[in-house]
$ cat final09.pdb   # PDB, C-alpha atoms
ATOM      1  CA  MET A   1      25.154-204.696 -77.719  1.00  0.00           C
ATOM      2  CA  LEU A   2      25.827-201.235 -79.124  1.00  0.00           C
ATOM      3  CA  ALA A   3      25.230-202.430 -82.686  1.00  0.00           C
ATOM      4  CA  ARG A   4      21.913-203.977 -81.650  1.00  0.00           C
ATOM      5  CA  ASP A   5      20.796-200.670 -80.059  1.00  0.00           C
ATOM      6  CA  ILE A   6      21.743-198.711 -83.168  1.00  0.00           C
ATOM      7  CA  PHE A   7      19.777-201.027 -85.429  1.00  0.00           C
ATOM      8  CA  TYR A   8      16.835-200.986 -83.037  1.00  0.00           C
ATOM      9  CA  PHE A   9      16.858-197.190 -83.004  1.00  0.00           C
ATOM     10  CA  ALA A  10      17.102-196.994 -86.788  1.00  0.00           C
ATOM     11  CA  GLY A  11      14.176-199.360 -87.233  1.00  0.00           C
ATOM     12  CA  SER A  12      11.837-197.796 -84.691  1.00  0.00           C
ATOM     13  CA  ASN A  13       9.199-195.265 -85.617  1.00  0.00           C
ATOM     14  CA  PHE A  14       9.237-192.303 -83.217  1.00  0.00           C
ATOM     15  CA  ASN A  15       7.118-190.047 -85.421  1.00  0.00           C
ATOM     16  CA  PRO A  16       3.744-189.784 -83.651  1.00  0.00           C
ATOM     17  CA  SER A  17       2.173-187.801 -86.494  1.00  0.00           C
ATOM     18  CA  SER A  18       2.665-190.488 -89.137  1.00  0.00           C
ATOM     19  CA  GLN A  19      -0.514-192.457 -89.428  1.00  0.00           C
ATOM     20  CA  GLU A  20      -1.765-194.928 -91.982  1.00  0.00           C
ATOM     21  CA  ASP A  21      -4.709-192.744 -93.029  1.00  0.00           C
ATOM     22  CA  GLU A  22      -2.536-189.863 -94.289  1.00  0.00           C
ATOM     23  CA  GLY A  23      -2.589-189.241 -98.021  1.00  0.00           C
ATOM     24  CA  ILE A  24       0.489-190.134-100.023  1.00  0.00           C
ATOM     25  CA  GLY A  25       0.900-186.711-101.630  1.00  0.00           C
ATOM     26  CA  GLU A  26       0.028-184.800 -98.477  1.00  0.00           C
ATOM     27  CA  VAL A  27       3.396-183.892 -97.002  1.00  0.00           C
ATOM     28  CA  CYS A  28       3.227-180.303 -95.811  1.00  0.00           C
ATOM     29  CA  ILE A  29       0.439-177.817 -95.255  1.00  0.00           C
ATOM     30  CA  PRO A  30       1.593-174.344 -96.380  1.00  0.00           C
ATOM     31  CA  ASN A  31       2.171-172.085 -93.418  1.00  0.00           C
ATOM     32  CA  ILE A  32       2.218-168.807 -95.359  1.00  0.00           C
ATOM     33  CA  SER A  33      -0.208-167.411 -97.877  1.00  0.00           C
ATOM     34  CA  PRO A  34       0.601-166.962-101.577  1.00  0.00           C
ATOM     35  CA  LYS A  35       0.652-163.198-101.013  1.00  0.00           C
ATOM     36  CA  GLU A  36       3.259-163.554 -98.262  1.00  0.00           C
ATOM     37  CA  ARG A  37       5.340-165.939-100.401  1.00  0.00           C
ATOM     38  CA  LYS A  38       5.320-163.405-103.224  1.00  0.00           C
ATOM     39  CA  LYS A  39       6.383-160.694-100.793  1.00  0.00           C
ATOM     40  CA  ARG A  40       9.274-162.837 -99.502  1.00  0.00           C
ATOM     41  CA  VAL A  41      10.488-163.647-103.010  1.00  0.00           C
ATOM     42  CA  GLN A  42      10.398-159.957-103.957  1.00  0.00           C
ATOM     43  CA  PHE A  43      12.302-159.057-100.782  1.00  0.00           C
ATOM     44  CA  ALA A  44      14.882-161.753-101.467  1.00  0.00           C
ATOM     45  CA  MET A  45      15.444-160.600-105.046  1.00  0.00           C
ATOM     46  CA  ARG A  46      15.738-156.921-104.088  1.00  0.00           C
ATOM     47  CA  TYR A  47      18.077-157.648-101.183  1.00  0.00           C
ATOM     48  CA  PHE A  48      20.196-159.993-103.314  1.00  0.00           C
ATOM     49  CA  LEU A  49      20.566-157.366-106.053  1.00  0.00           C
ATOM     50  CA  PHE A  50      21.391-154.694-103.473  1.00  0.00           C
ATOM     51  CA  THR A  51      24.077-156.951-102.004  1.00  0.00           C
ATOM     52  CA  LEU A  52      25.539-157.598-105.452  1.00  0.00           C
ATOM     53  CA  VAL A  53      25.697-153.836-106.068  1.00  0.00           C
ATOM     54  CA  VAL A  54      27.489-153.305-102.755  1.00  0.00           C
ATOM     55  CA  LEU A  55      29.899-156.160-103.567  1.00  0.00           C
ATOM     56  CA  GLY A  56      30.566-154.658-106.988  1.00  0.00           C
ATOM     57  CA  MET A  57      31.274-151.264-105.450  1.00  0.00           C
ATOM     58  CA  LEU A  58      33.641-152.764-102.885  1.00  0.00           C
ATOM     59  CA  ILE A  59      35.535-154.545-105.640  1.00  0.00           C
ATOM     60  CA  ALA A  60      35.524-151.533-107.991  1.00  0.00           C
ATOM     61  CA  PHE A  61      36.864-149.170-105.317  1.00  0.00           C
ATOM     62  CA  ASP A  62      39.504-151.730-104.270  1.00  0.00           C
ATOM     63  CA  VAL A  63      38.417-151.739-100.626  1.00  0.00           C
ATOM     64  CA  ASN A  64      40.105-154.079 -98.163  1.00  0.00           C
ATOM     65  CA  PRO A  65      38.636-157.586 -98.695  1.00  0.00           C
ATOM     66  CA  LEU A  66      37.748-157.865 -94.999  1.00  0.00           C
ATOM     67  CA  TRP A  67      34.953-155.369 -95.629  1.00  0.00           C
ATOM     68  CA  ARG A  68      33.289-158.027 -97.793  1.00  0.00           C
ATOM     69  CA  LEU A  69      32.711-160.335 -94.812  1.00  0.00           C
ATOM     70  CA  PRO A  70      29.524-158.559 -93.618  1.00  0.00           C
ATOM     71  CA  LEU A  71      28.046-159.260 -97.044  1.00  0.00           C
ATOM     72  CA  PHE A  72      27.703-162.882 -95.960  1.00  0.00           C
ATOM     73  CA  PHE A  73      24.887-161.859 -93.614  1.00  0.00           C
ATOM     74  CA  MET A  74      23.199-159.896 -96.371  1.00  0.00           C
ATOM     75  CA  PHE A  75      23.409-162.845 -98.772  1.00  0.00           C
ATOM     76  CA  SER A  76      22.176-165.244 -96.097  1.00  0.00           C
ATOM     77  CA  THR A  77      19.189-163.000 -95.320  1.00  0.00           C
ATOM     78  CA  ALA A  78      18.164-162.980 -98.965  1.00  0.00           C
ATOM     79  CA  THR A  79      18.707-166.716 -99.292  1.00  0.00           C
ATOM     80  CA  THR A  80      16.720-167.511 -96.139  1.00  0.00           C
ATOM     81  CA  SER A  81      13.795-165.431 -97.320  1.00  0.00           C
ATOM     82  CA  TYR A  82      13.838-167.121-100.724  1.00  0.00           C
ATOM     83  CA  ILE A  83      14.016-170.618 -99.239  1.00  0.00           C
ATOM     84  CA  GLN A  84      11.112-169.850 -96.900  1.00  0.00           C
ATOM     85  CA  ALA A  85       9.025-168.813 -99.870  1.00  0.00           C
ATOM     86  CA  LEU A  86       9.908-171.927-101.841  1.00  0.00           C
ATOM     87  CA  ASP A  87       9.315-174.330 -98.948  1.00  0.00           C
ATOM     88  CA  LYS A  88       6.078-172.566 -97.952  1.00  0.00           C
ATOM     89  CA  THR A  89       7.159-172.521 -94.303  1.00  0.00           C
TER      90      THR A  89
END
$ encode --input "final09.pdb" --output "C-alpha cells"
Amino acid sequence: MLARDIFYFAGSNFNPSSQEDEGIGEVCIPNISPKERKKRVQFAMRYFLFTLVVLGMLIAFDVNPLWRLPLFFMFSTATTSYIQALDKT
C-alpha cells in the first residue's frame, strides 16, 4: 500500500500554475530590473574581494584560525547576492 501511495504521489501534478498554454521557453519572469542585477553583482564582487583581503590579513598575521569562522557569513552574503543576480529573483 505504501509503495502504491508513493507512486501515486510521484505521478500526480500538484502544480496549479502549469497550464498547457504556457510557452516552452517561458520559465521565469525576472523579478528584478537589469539595473538592480548590476548593483547586486557589483556588491557581490566588492564584498567577496573585501572578504578575501580580510582572510589574507588573518593568515598573514597568523591569527587564531577560529577568527576565520565569521568569514563564512561574509562569503555567503556575497554568494547569495551573486546568485540572486544570476537567477533574476
$ residues_around --input "final09.pdb" --residues "range 71-79 of chain A" --least-positions-apart "3" --cutoff "6 Å" --atoms "all atoms listed in the file" --output "PyMOL selection string"
chain A and resi 44+47-48+68+82
$ atom_distance --input "final09.pdb" --atom1 "CA of Ile83 in chain A" --atom2 "CA of Val41 in chain A"
8.7 Å
$ atom_distance --input "final09.pdb" --atom1 "CA of Phe50 in chain A" --atom2 "CA of Pro30 in chain A"
28.8 Å
$ residues_near_point --input "final09.pdb" --point "(4.2, -164.7, -99.4)" --cutoff "12 Å" --atoms "all atoms listed in the file" --output "PyMOL selection string"
chain A and resi 30-44+81-89
$ atom_distance --input "final09.pdb" --atom1 "CA of Leu58 in chain A" --atom2 "CA of Met45 in chain A"
19.9 Å
$ build_atoms --input "final09.pdb" --residues "range 59-74 of chain A" --atoms "N, CA and C atoms" --output "mmCIF file, keeping the file's coordinate frame"
data_model
loop_
_atom_site.group_PDB
_atom_site.id
_atom_site.type_symbol
_atom_site.label_atom_id
_atom_site.label_comp_id
_atom_site.auth_asym_id
_atom_site.auth_seq_id
_atom_site.Cartn_x
_atom_site.Cartn_y
_atom_site.Cartn_z
ATOM 1 N N ILE A 59 34.486 -154.046 -104.749
ATOM 2 C CA ILE A 59 35.535 -154.545 -105.640
ATOM 3 C C ILE A 59 36.047 -153.423 -106.546
ATOM 4 N N ALA A 60 35.128 -152.609 -107.074
ATOM 5 C CA ALA A 60 35.524 -151.533 -107.991
ATOM 6 C C ALA A 60 36.397 -150.486 -107.299
ATOM 7 N N PHE A 61 36.089 -150.186 -106.033
ATOM 8 C CA PHE A 61 36.864 -149.170 -105.317
ATOM 9 C C PHE A 61 38.070 -149.756 -104.592
ATOM 10 N N ASP A 62 38.335 -151.044 -104.825
ATOM 11 C CA ASP A 62 39.504 -151.730 -104.270
ATOM 12 C C ASP A 62 39.599 -151.566 -102.745
ATOM 13 N N VAL A 63 38.483 -151.815 -102.085
ATOM 14 C CA VAL A 63 38.417 -151.739 -100.626
ATOM 15 C C VAL A 63 39.019 -153.014 -100.050
ATOM 16 N N ASN A 64 39.525 -152.922 -98.845
ATOM 17 C CA ASN A 64 40.105 -154.079 -98.163
ATOM 18 C C ASN A 64 39.108 -155.243 -98.189
ATOM 19 N N PRO A 65 39.554 -156.439 -98.588
ATOM 20 C CA PRO A 65 38.636 -157.586 -98.695
ATOM 21 C C PRO A 65 37.914 -157.962 -97.399
ATOM 22 N N LEU A 66 38.441 -157.569 -96.259
ATOM 23 C CA LEU A 66 37.748 -157.865 -94.999
ATOM 24 C C LEU A 66 36.392 -157.163 -94.905
ATOM 25 N N TRP A 67 36.234 -156.072 -95.630
ATOM 26 C CA TRP A 67 34.953 -155.369 -95.629
ATOM 27 C C TRP A 67 33.874 -156.156 -96.363
ATOM 28 N N ARG A 68 34.276 -157.191 -97.086
ATOM 29 C CA ARG A 68 33.289 -158.027 -97.793
ATOM 30 C C ARG A 68 32.649 -159.062 -96.873
ATOM 31 N N LEU A 69 33.250 -159.325 -95.729
ATOM 32 C CA LEU A 69 32.711 -160.335 -94.812
ATOM 33 C C LEU A 69 31.275 -160.043 -94.355
ATOM 34 N N PRO A 70 30.920 -158.805 -94.020
ATOM 35 C CA PRO A 70 29.524 -158.559 -93.618
ATOM 36 C C PRO A 70 28.508 -158.856 -94.716
ATOM 37 N N LEU A 71 28.963 -158.931 -95.955
ATOM 38 C CA LEU A 71 28.046 -159.260 -97.044
ATOM 39 C C LEU A 71 27.495 -160.671 -96.916
ATOM 40 N N PHE A 72 28.204 -161.535 -96.191
ATOM 41 C CA PHE A 72 27.703 -162.882 -95.960
ATOM 42 C C PHE A 72 26.331 -162.833 -95.296
ATOM 43 N N PHE A 73 26.169 -161.964 -94.311
ATOM 44 C CA PHE A 73 24.887 -161.859 -93.614
ATOM 45 C C PHE A 73 23.789 -161.323 -94.531
ATOM 46 N N MET A 74 24.181 -160.425 -95.422
ATOM 47 C CA MET A 74 23.199 -159.896 -96.371
ATOM 48 C C MET A 74 22.775 -160.984 -97.367
#
